[in-house]
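Have a look at my_file.txt; it's compact mmCIF, C-alpha atoms:
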# COMPACT_ATOMS: atom_id res chain seq x y z
CA MET E 23 19.83 9.95 -4.14
CA LYS E 24 23.01 7.89 -4.16
CA LEU E 25 21.76 4.94 -2.07
CA LEU E 26 18.73 4.48 -4.32
CA LYS E 27 20.73 4.70 -7.56
CA GLU E 28 23.19 2.11 -6.27
CA ARG E 29 20.30 -0.18 -5.39
CA ILE E 30 18.75 0.23 -8.85
CA LEU E 31 22.10 -0.63 -10.45
CA SER E 32 22.61 -3.70 -8.25
CA ASP E 33 19.07 -5.09 -8.01
CA GLY E 34 17.04 -3.56 -10.85
CA ALA E 35 16.49 -5.31 -14.18
CA ALA E 36 16.52 -3.08 -17.26
CA PHE E 37 15.14 -3.98 -20.67
CA ASP E 38 15.53 -2.38 -24.08
CA ASP E 39 11.79 -1.79 -24.37
CA GLY E 40 12.02 0.78 -21.54
CA THR E 41 10.92 -1.54 -18.76
CA LEU E 42 12.70 -1.32 -15.41
CA ILE E 43 11.84 -4.04 -12.91
CA VAL E 44 12.47 -3.14 -9.27
CA ASP E 45 10.30 -5.90 -7.82
CA SER E 46 12.92 -6.99 -5.31
CA PHE E 47 12.90 -3.74 -3.29
CA ILE E 48 10.02 -1.43 -4.38
CA ASN E 49 7.17 -2.90 -6.43
CA HIS E 50 6.52 -6.34 -4.99
CA GLN E 51 9.04 -7.09 -2.27
CA MET E 52 9.85 -3.87 -0.44
CA ASP E 53 12.88 -2.87 1.59
CA PRO E 54 11.46 -0.85 4.50
CA ILE E 55 14.85 0.57 5.50
CA LEU E 56 15.37 1.93 1.99
CA MET E 57 11.76 3.17 2.01
CA LYS E 58 12.48 5.16 5.17
CA SER E 59 15.59 6.69 3.53
CA ILE E 60 13.45 7.57 0.50
CA ALA E 61 10.95 9.29 2.79
CA VAL E 62 13.75 11.25 4.49
CA GLU E 63 14.93 12.46 1.08
CA PHE E 64 11.38 13.58 0.22
CA VAL E 65 11.29 15.49 3.52
CA ARG E 66 14.54 17.23 2.54
CA ARG E 67 13.21 18.18 -0.89
CA PHE E 68 9.76 19.38 0.13
CA ALA E 69 10.35 20.53 3.73
CA ASN E 70 10.09 24.23 2.93
CA LEU E 71 6.58 23.93 1.45
CA PRO E 72 3.29 24.17 3.36
CA ILE E 73 1.75 20.70 3.20
CA ASN E 74 -1.11 19.36 5.32
CA LYS E 75 -1.68 15.98 3.64
CA ILE E 76 0.19 13.34 1.62
CA ILE E 77 -1.68 11.80 -1.28
CA THR E 78 -0.70 8.66 -3.19
CA ILE E 79 -2.23 5.97 -5.39
CA GLU E 80 -2.58 2.28 -4.61
CA ALA E 81 -0.61 0.08 -4.43
CA SER E 82 3.13 0.80 -4.82
CA GLY E 83 2.82 4.41 -3.69
CA ILE E 84 1.49 3.49 -0.26
CA ALA E 85 4.79 2.41 1.33
CA PRO E 86 6.80 5.59 0.60
CA ALA E 87 3.74 7.73 1.38
CA ILE E 88 3.07 6.22 4.81
CA MET E 89 6.75 6.54 5.73
CA LEU E 90 6.73 10.18 4.64
CA GLY E 91 3.47 10.83 6.48
CA TYR E 92 4.99 9.28 9.59
CA LEU E 93 8.06 11.51 9.43
CA LEU E 94 5.99 14.65 8.77
CA GLU E 95 3.16 13.61 11.12
CA LEU E 96 0.60 14.18 8.38
CA PRO E 97 -2.38 12.09 7.24
CA VAL E 98 -1.88 9.98 4.11
CA LEU E 99 -4.67 9.58 1.60
CA PHE E 100 -4.50 6.80 -0.96
CA VAL E 101 -6.45 7.20 -4.17
CA LYS E 102 -8.28 4.03 -5.18
CA LYS E 103 -8.19 2.46 -8.61
CA ARG E 104 -11.91 1.79 -8.48
CA THR E 105 -14.85 3.37 -6.67
CA PRO E 106 -15.68 1.16 -3.66
CA LYS E 107 -19.37 0.73 -2.98
CA THR E 108 -18.77 1.88 0.59
CA MET E 109 -17.52 5.27 -0.64
CA ALA E 110 -20.51 7.58 -0.49
CA SER E 111 -19.34 10.57 -2.47
CA ALA E 112 -16.17 10.71 -4.53
CA TYR E 113 -14.19 12.68 -7.08
CA CYS E 114 -13.33 10.45 -10.05
CA SER E 115 -11.01 10.62 -13.04
CA THR E 116 -9.93 8.19 -15.75
CA VAL E 117 -6.31 7.24 -16.38
CA TYR E 118 -4.75 5.30 -19.25
CA SER E 119 -2.01 2.87 -18.24
CA PHE E 120 0.53 2.12 -20.95
CA THR E 121 1.97 -0.70 -18.80
CA LYS E 122 -1.36 -2.46 -18.42
CA GLU E 123 -2.76 -1.21 -21.74
CA CYS E 124 -6.12 -0.23 -20.27
CA HIS E 125 -8.08 2.66 -18.86
CA TYR E 126 -8.87 2.64 -15.16
CA ASP E 127 -10.79 4.92 -12.84
CA VAL E 128 -9.18 6.65 -9.88
CA SER E 129 -11.33 7.99 -7.09
CA VAL E 130 -11.02 9.76 -3.78
CA SER E 131 -13.66 10.49 -1.17
CA LYS E 132 -14.89 14.09 -1.01
CA GLU E 133 -14.68 13.73 2.75
CA TYR E 134 -10.88 13.48 2.81
CA LEU E 135 -9.82 15.76 -0.04
CA GLN E 136 -11.23 19.22 0.48
CA GLU E 137 -10.90 22.84 -0.45
CA GLY E 138 -8.00 24.31 1.47
CA ASP E 139 -6.01 21.08 1.54
CA ARG E 140 -2.38 21.51 0.46
CA VAL E 141 -1.33 18.10 -0.78
CA LEU E 142 1.96 16.51 -1.78
CA PHE E 143 1.60 13.57 -4.18
CA VAL E 144 4.08 10.71 -3.82
CA ASP E 145 4.39 7.69 -6.11
CA ASP E 146 6.90 5.03 -7.11
CA PHE E 147 7.31 5.83 -10.84
CA LEU E 148 6.97 8.81 -13.15
CA ALA E 149 6.85 7.64 -16.77
CA ASN E 150 4.33 9.27 -19.11
CA GLY E 151 2.65 11.11 -16.24
CA ASN E 152 -0.88 9.86 -16.85
CA ALA E 153 -1.52 8.72 -13.27
CA ALA E 154 -0.04 11.96 -11.94
CA LEU E 155 -2.32 14.01 -14.19
CA GLY E 156 -5.28 11.97 -12.95
CA ILE E 157 -4.32 12.97 -9.41
CA LYS E 158 -3.98 16.60 -10.46
CA ASP E 159 -7.51 16.37 -11.86
CA LEU E 160 -8.87 14.98 -8.56
CA VAL E 161 -7.09 17.72 -6.57
CA GLU E 162 -8.53 20.39 -8.85
CA GLN E 163 -12.04 18.94 -8.61
CA ALA E 164 -11.74 19.32 -4.84
CA ASN E 165 -10.44 22.91 -5.12
CA ALA E 166 -7.43 21.76 -3.13
CA THR E 167 -3.85 22.83 -3.88
CA LEU E 168 -1.22 20.51 -5.34
CA VAL E 169 2.00 21.61 -3.64
CA GLY E 170 4.27 19.18 -5.48
CA MET E 171 4.87 15.67 -6.74
CA GLY E 172 7.62 13.34 -5.57
CA PHE E 173 8.63 10.16 -7.38
CA ILE E 174 11.07 7.47 -6.39
CA ILE E 175 12.11 6.74 -9.99
CA GLU E 176 11.64 8.90 -13.07
CA LYS E 177 11.95 7.57 -16.60
CA SER E 178 13.32 10.82 -17.98
CA PHE E 179 13.22 9.38 -21.51
CA GLN E 180 9.42 9.46 -21.32
CA GLU E 181 7.32 12.58 -21.37
CA GLY E 182 5.97 12.63 -17.79
CA ARG E 183 8.19 15.36 -16.34
CA ARG E 184 7.68 17.64 -19.32
CA ARG E 185 3.91 17.25 -19.14
CA LEU E 186 3.84 17.98 -15.40
CA GLU E 187 6.23 20.95 -15.60
CA GLU E 188 4.20 22.44 -18.45
CA ARG E 189 1.39 22.60 -15.91
CA GLU E 190 3.73 24.30 -13.42
CA ILE E 191 3.87 21.35 -11.06
CA HIS E 192 6.92 21.14 -8.79
CA VAL E 193 8.41 17.71 -9.57
CA GLU E 194 11.14 15.94 -7.58
CA SER E 195 12.42 12.49 -8.55
CA LEU E 196 15.00 10.67 -6.47
CA ALA E 197 16.50 8.69 -9.36
CA ARG E 198 16.23 10.06 -12.90
CA ILE E 199 16.87 7.54 -15.64
CA ALA E 200 18.22 8.86 -18.94
CA ASN E 201 17.87 5.56 -20.78
CA LEU E 202 17.81 1.77 -20.44
CA GLN E 203 19.60 0.98 -23.68
CA ASN E 204 21.28 -2.41 -23.99
CA GLY E 205 19.66 -3.42 -20.70
CA GLN E 206 21.84 -0.94 -18.81
CA VAL E 207 20.62 1.83 -16.53
CA THR E 208 22.04 5.28 -17.30
CA PHE E 209 21.07 8.08 -14.95
CA VAL E 210 20.54 11.73 -15.86
CA GLU E 211 23.71 13.66 -14.91
CA MET I 23 -5.13 -2.45 21.85
CA LYS I 24 -6.78 0.41 23.71
CA LEU I 25 -5.70 3.28 21.43
CA LEU I 26 -7.07 1.48 18.38
CA LYS I 27 -10.39 0.59 20.03
CA GLU I 28 -10.88 4.19 21.12
CA ARG I 29 -10.20 5.36 17.58
CA ILE I 30 -12.70 2.87 16.15
CA LEU I 31 -15.33 4.10 18.60
CA SER I 32 -14.66 7.78 17.84
CA ASP I 33 -14.04 7.68 14.06
CA GLY I 34 -15.46 4.38 12.76
CA ALA I 35 -18.93 4.07 11.25
CA ALA I 36 -20.83 0.87 12.06
CA PHE I 37 -23.83 -0.47 10.20
CA ASP I 38 -26.38 -3.16 11.03
CA ASP I 39 -25.41 -5.18 7.94
CA GLY I 40 -22.00 -5.88 9.50
CA THR I 41 -20.11 -3.14 7.67
CA LEU I 42 -17.53 -1.13 9.59
CA ILE I 43 -16.09 1.87 7.78
CA VAL I 44 -12.70 3.04 9.00
CA ASP I 45 -11.87 5.10 5.92
CA SER I 46 -10.73 8.12 7.92
CA PHE I 47 -7.72 6.40 9.52
CA ILE I 48 -7.07 2.95 7.95
CA ASN I 49 -8.68 2.13 4.60
CA HIS I 50 -8.53 5.33 2.57
CA GLN I 51 -7.06 8.11 4.65
CA MET I 52 -4.44 6.64 6.96
CA ASP I 53 -3.05 7.90 10.25
CA PRO I 54 0.67 7.06 10.10
CA ILE I 55 1.21 7.64 13.83
CA LEU I 56 -1.53 5.15 14.67
CA MET I 57 -0.10 2.80 12.03
CA LYS I 58 3.27 2.88 13.79
CA SER I 59 1.57 2.08 17.12
CA ILE I 60 -0.24 -0.82 15.43
CA ALA I 61 3.10 -2.12 14.13
CA VAL I 62 4.61 -1.87 17.62
CA GLU I 63 1.72 -3.95 18.98
CA PHE I 64 2.32 -6.58 16.27
CA VAL I 65 5.99 -6.66 17.31
CA ARG I 66 4.94 -7.27 20.90
CA ARG I 67 2.59 -10.11 19.92
CA PHE I 68 4.86 -11.92 17.46
CA ALA I 69 8.32 -10.98 18.77
CA ASN I 70 9.08 -14.45 20.15
CA LEU I 71 8.59 -16.18 16.79
CA PRO I 72 11.22 -16.76 14.09
CA ILE I 73 10.18 -14.60 11.15
CA ASN I 74 12.30 -13.63 8.15
CA LYS I 75 9.68 -11.88 5.99
CA ILE I 76 6.41 -9.95 6.33
CA ILE I 77 3.73 -10.74 3.76
CA THR I 78 0.60 -8.70 3.08
CA ILE I 79 -1.96 -8.11 0.35
CA GLU I 80 -2.55 -4.90 -1.59
CA ALA I 81 -3.72 -2.31 -0.81
CA SER I 82 -4.80 -1.66 2.79
CA GLY I 83 -2.36 -4.18 4.25
CA ILE I 84 0.69 -2.37 2.89
CA ALA I 85 0.83 0.47 5.44
CA PRO I 86 0.85 -1.68 8.61
CA ALA I 87 3.15 -4.20 6.91
CA ILE I 88 5.80 -1.67 5.88
CA MET I 89 5.78 -0.13 9.37
CA LEU I 90 6.18 -3.58 10.91
CA GLY I 91 8.93 -4.49 8.44
CA TYR I 92 10.69 -1.25 9.31
CA LEU I 93 10.59 -1.97 13.03
CA LEU I 94 11.73 -5.59 12.58
CA GLU I 95 14.17 -4.76 9.75
CA LEU I 96 12.60 -7.43 7.54
CA PRO I 97 11.59 -7.37 3.87
CA VAL I 98 7.89 -6.90 3.15
CA LEU I 99 6.23 -8.77 0.30
CA PHE I 100 2.87 -7.63 -0.98
CA VAL I 101 0.70 -10.14 -2.77
CA LYS I 102 -0.92 -8.74 -5.90
CA LYS I 103 -4.59 -8.99 -6.76
CA ARG I 104 -3.75 -9.82 -10.36
CA THR I 105 -0.76 -11.37 -12.14
CA PRO I 106 1.29 -8.53 -13.67
CA LYS I 107 2.70 -9.28 -17.11
CA THR I 108 6.15 -8.34 -15.78
CA MET I 109 5.99 -11.16 -13.21
CA ALA I 110 7.80 -14.08 -14.80
CA SER I 111 6.84 -16.95 -12.56
CA ALA I 112 4.25 -16.81 -9.83
CA TYR I 113 2.20 -18.82 -7.35
CA CYS I 114 -1.51 -18.04 -7.80
CA SER I 115 -4.68 -18.66 -5.86
CA THR I 116 -8.30 -17.54 -6.21
CA VAL I 117 -10.18 -15.69 -3.48
CA TYR I 118 -13.87 -14.84 -3.17
CA SER I 119 -14.62 -11.39 -1.76
CA PHE I 120 -17.98 -11.04 -0.03
CA THR I 121 -17.50 -7.26 0.11
CA LYS I 122 -16.97 -6.92 -3.63
CA GLU I 123 -19.08 -9.97 -4.55
CA CYS I 124 -16.51 -11.34 -6.97
CA HIS I 125 -13.63 -13.77 -7.30
CA TYR I 126 -10.15 -12.37 -7.75
CA ASP I 127 -6.73 -13.88 -8.24
CA VAL I 128 -3.87 -13.33 -5.84
CA SER I 129 -0.32 -13.95 -6.92
CA VAL I 130 3.21 -13.76 -5.63
CA SER I 131 6.50 -14.16 -7.47
CA LYS I 132 8.32 -17.45 -6.91
CA GLU I 133 11.46 -15.37 -6.63
CA TYR I 134 10.43 -13.72 -3.36
CA LEU I 135 8.47 -16.46 -1.58
CA GLN I 136 10.61 -19.54 -1.24
CA GLU I 137 11.07 -22.76 0.63
CA GLY I 138 12.55 -22.01 4.02
CA ASP I 139 10.89 -18.59 4.34
CA ARG I 140 9.13 -18.05 7.65
CA VAL I 141 6.46 -15.46 6.96
CA LEU I 142 4.12 -13.40 9.09
CA PHE I 143 0.98 -12.27 7.27
CA VAL I 144 -0.43 -8.85 8.20
CA ASP I 145 -3.69 -7.33 6.96
CA ASP I 146 -6.24 -4.68 7.90
CA PHE I 147 -9.34 -6.85 8.35
CA LEU I 148 -10.19 -10.44 9.26
CA ALA I 149 -13.81 -11.20 8.36
CA ASN I 150 -14.62 -14.54 6.72
CA GLY I 151 -10.94 -15.35 6.24
CA ASN I 152 -11.03 -15.94 2.50
CA ALA I 153 -8.11 -13.63 1.66
CA ALA I 154 -6.10 -15.10 4.55
CA LEU I 155 -6.72 -18.63 3.30
CA GLY I 156 -5.61 -17.55 -0.17
CA ILE I 157 -2.34 -16.37 1.38
CA LYS I 158 -1.99 -19.66 3.26
CA ASP I 159 -2.39 -21.44 -0.07
CA LEU I 160 0.37 -19.33 -1.67
CA VAL I 161 2.70 -19.96 1.27
CA GLU I 162 2.05 -23.72 1.04
CA GLN I 163 2.65 -23.76 -2.72
CA ALA I 164 6.08 -22.23 -2.01
CA ASN I 165 6.81 -24.77 0.76
CA ALA I 166 7.36 -21.80 3.04
CA THR I 167 6.15 -21.64 6.67
CA LEU I 168 3.29 -19.46 7.83
CA VAL I 169 4.37 -18.36 11.31
CA GLY I 170 1.25 -16.36 12.10
CA MET I 171 -1.37 -13.89 10.96
CA GLY I 172 -1.94 -10.44 12.43
CA PHE I 173 -5.00 -8.30 11.75
CA ILE I 174 -5.77 -4.75 12.78
CA ILE I 175 -9.51 -5.40 13.11
CA GLU I 176 -11.31 -8.73 13.44
CA LYS I 177 -15.03 -9.13 12.87
CA SER I 178 -15.41 -11.86 15.47
CA PHE I 179 -19.05 -12.35 14.48
CA GLN I 180 -17.85 -13.77 11.17
CA GLU I 181 -16.16 -17.11 10.72
CA GLY I 182 -12.61 -16.04 9.77
CA ARG I 183 -10.88 -16.71 13.10
CA ARG I 184 -12.52 -20.13 13.49
CA ARG I 185 -11.53 -21.15 9.95
CA LEU I 186 -7.91 -20.07 10.49
CA GLU I 187 -7.60 -21.65 13.94
CA GLU I 188 -9.04 -24.93 12.61
CA ARG I 189 -5.97 -24.96 10.37
CA GLU I 190 -3.75 -24.32 13.39
CA ILE I 191 -2.79 -20.80 12.33
CA HIS I 192 -1.67 -18.46 15.11
CA VAL I 193 -4.04 -15.49 14.83
CA GLU I 194 -3.67 -12.12 16.59
CA SER I 195 -6.15 -9.29 16.09
CA LEU I 196 -5.67 -5.90 17.70
CA ALA I 197 -9.38 -5.05 17.94
CA ARG I 198 -11.95 -7.86 18.06
CA ILE I 199 -15.50 -6.82 17.31
CA ALA I 200 -18.29 -8.88 18.86
CA ASN I 201 -21.08 -7.18 16.94
CA LEU I 202 -22.17 -4.00 15.19
CA GLN I 203 -25.83 -4.15 16.20
CA ASN I 204 -27.81 -0.90 16.15
CA GLY I 205 -24.86 0.79 14.47
CA GLN I 206 -22.82 0.44 17.66
CA VAL I 207 -19.42 -1.21 17.99
CA THR I 208 -19.19 -3.81 20.75
CA PHE I 209 -15.77 -5.37 21.33
CA VAL I 210 -15.08 -8.92 22.46
CA GLU I 211 -14.35 -8.86 26.22
Would you encode the structure as C-alpha cells?
Amino acid sequence: MKLLKERILSDGAAFDDGTLIVDSFINHQMDPILMKSIAVEFVRRFANLPINKIITIEASGIAPAIMLGYLLELPVLFVKKRTPKTMASAYCSTVYSFTKECHYDVSVSKEYLQEGDRVLFVDDFLANGNAALGIKDLVEQANATLVGMGFIIEKSFQEGRRRLEEREIHVESLARIANLQNGQVTFVE
Amino acid sequence: MKLLKERILSDGAAFDDGTLIVDSFINHQMDPILMKSIAVEFVRRFANLPINKIITIEASGIAPAIMLGYLLELPVLFVKKRTPKTMASAYCSTVYSFTKECHYDVSVSKEYLQEGDRVLFVDDFLANGNAALGIKDLVEQANATLVGMGFIIEKSFQEGRRRLEEREIHVESLARIANLQNGQVTFVE
C-alpha cells in the first residue's frame, strides 16, 4: 500500500534494535483519513471471503477494525487484555509480549464469539505473531472459523508471518518491512 | 439521541448496583454503524467550537473518537493507561477507577499534546468523572485548551457531570441515565 509506505518513510522512526515507532499516525496519535484508506485496502484484500465479524485486540487495533467494520457493515469485537469482572463467561489465552517483556491474558466473551462465526482478525503490527496466535487460540476455543488476518505493518524480519502461515492462516500485511538497519526502513520487494 | 437510547433499552443490561452493561454494541462488541451515528451527533453538538484535535482514552473511547476524527478530518490522540517505554517524554496523571477498584496512570506524549492545541475529549462513559479529570490535568500540563467533553452514556445519578461543570467544562452526553433502579433504565427527561 503505497500511501502507507510513504507515510512510514516520512513519519516513522526506525531503530537498529528492530523498533519502529509510528506514534504520530497509528499507535498514539492516529490519522483517521489514513485509517480509512487502510480499511479500504483490507476490504480489497479480503472482499472475496465470507466474513461475518471483525475481531481485533485493544488498543491500537481498534481504529482500523472499526473503520473496516463500518465499510463492511459488520460487528467488531475487541479482545481485552484482561478479564473484566463484568464479563460473565469468557474464553481466555495467555500471550507473551516481547515489547513489554511480560505475559498478559487476552479474553473474549463467549456471548460474542460463537461456533459458526467467520472472523477476520485485524491488528496494527505483526512481529513475532504471539498476539495473533493468542487470537487463533480464542477462535478455536469458540469453534469459530478464522478466515484471515490483516496487519497494517509487518516486521518481515521477525518470525510472525512464518508461524502464522505454518498454521495455514491467510495473512495480509499492508506494509512489509524487510529490515530497519542503520535506522532506515527497507520494505520487502 | 433517540437511536442510542432505543439501543440501550433493547440491548443494555441494567443492574441495581448502578452497573450498565453495553458489551454487545459499545464496550466489547461494537456496532460500527451506530458508532458513526454517534460521531455525527458529536459533530452536531460541538461543530461551532474551534477544535484542532480529538483526544480519548484507551480502549472503549477509541472507536467513537476515530469516527469523529474521520468526519471532522482531525487527528485523534489516545491517552494510554500506562507509560510505554517507547514514549520518550510524556505528561502523566493518576486516576482512580471505581469499576476496577484501583489507581492507574494515564499518559500522553508531549510531542502530540502541545500548547495551542484545542482539544475535544470523547469517551464512552461519564460516571464519577475521574478519568475525565485526569484528561483535564494532562491538557492543563500541556498548556493546551480543553474545548469540551463528549460522552456516549452519562450516569447522571453519579457526580461526574457536576464535577466537570464546576470546573466550567462544556459537557455533552448522548444518553443521560437518571437511574437503573429495579434493573430498568430510566433516562433524564
Next on the checklist: For a quick test of understanding: name the residues of chain I lying within 10 Å of chain E when counting only C-alpha atoms, and present them as a PyMOL selection string.
Outcome noted: chain I and resi 41-43+45-58+75-77+79-102+106-109+121-122+130-131+133-135
Checklist entry - atom CA of I:Arg183 and atom CA of I:Met23, how far apart in Å? => result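 Distance reported for this atom pair: 17.7 Å.
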Could the residues of stretch 80-148 of chain I that have an atom at most 7 Å from stretch 160-181 of chain I be listed as CSV, each with its closest atom pair and the distance in Å to one decimal, counting only C-alpha atoms and ordered by chain and ascending residue number?
residue,atom,partner,partner_atom,distance
I:Tyr113,CA,I:Leu160,CA,6.0
I:Cys114,CA,I:Leu160,CA,6.5
I:Ser115,CA,I:Leu160,CA,6.6
I:Leu135,CA,I:Ala164,CA,6.3
I:Gln136,CA,I:Ala164,CA,5.3
I:Glu137,CA,I:Ala166,CA,4.5
I:Gly138,CA,I:Ala166,CA,5.3
I:Asp139,CA,I:Ala166,CA,4.9
I:Arg140,CA,I:Thr167,CA,4.8
I:Val141,CA,I:Leu168,CA,5.2
I:Leu142,CA,I:Gly170,CA,5.1
I:Phe143,CA,I:Met171,CA,4.7
I:Val144,CA,I:Gly172,CA,4.8
I:Asp145,CA,I:Phe173,CA,5.1
I:Asp146,CA,I:Ile174,CA,4.9
I:Phe147,CA,I:Ile175,CA,5.0
I:Leu148,CA,I:Glu176,CA,4.7
Padding of 8 Å on every side, edges along x, y and z, all listed atoms of stretch 28-46 of chain I included: what centre and edge lengths in Å, to one decimal, does that box have, as lines of an AutoDock Vina configuration file?
center_x = -18.3
center_y = 1.1
center_z = 13.5
size_x = 32.2
size_y = 30.0
size_z = 31.2
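Note that atom CA of E:Gly156 and atom CA of E:Val207 are 28.0 Å apart.
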Item to check | Non-local contacts of I:Leu26 (8 Å; all atoms listed in the file; under 4 positions in same chain excluded) as a ChimeraX atom specification | outcome: /I:30,56,60,196-197
Next on the checklist: Just the number, please: distance in Å from atom CA of I:Tyr118 to atom CA of I:Asn152, one decimal.
Outcome noted: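 Value for the atom CA of I:Tyr118-atom CA of I:Asn152 distance: 6.4 Å.
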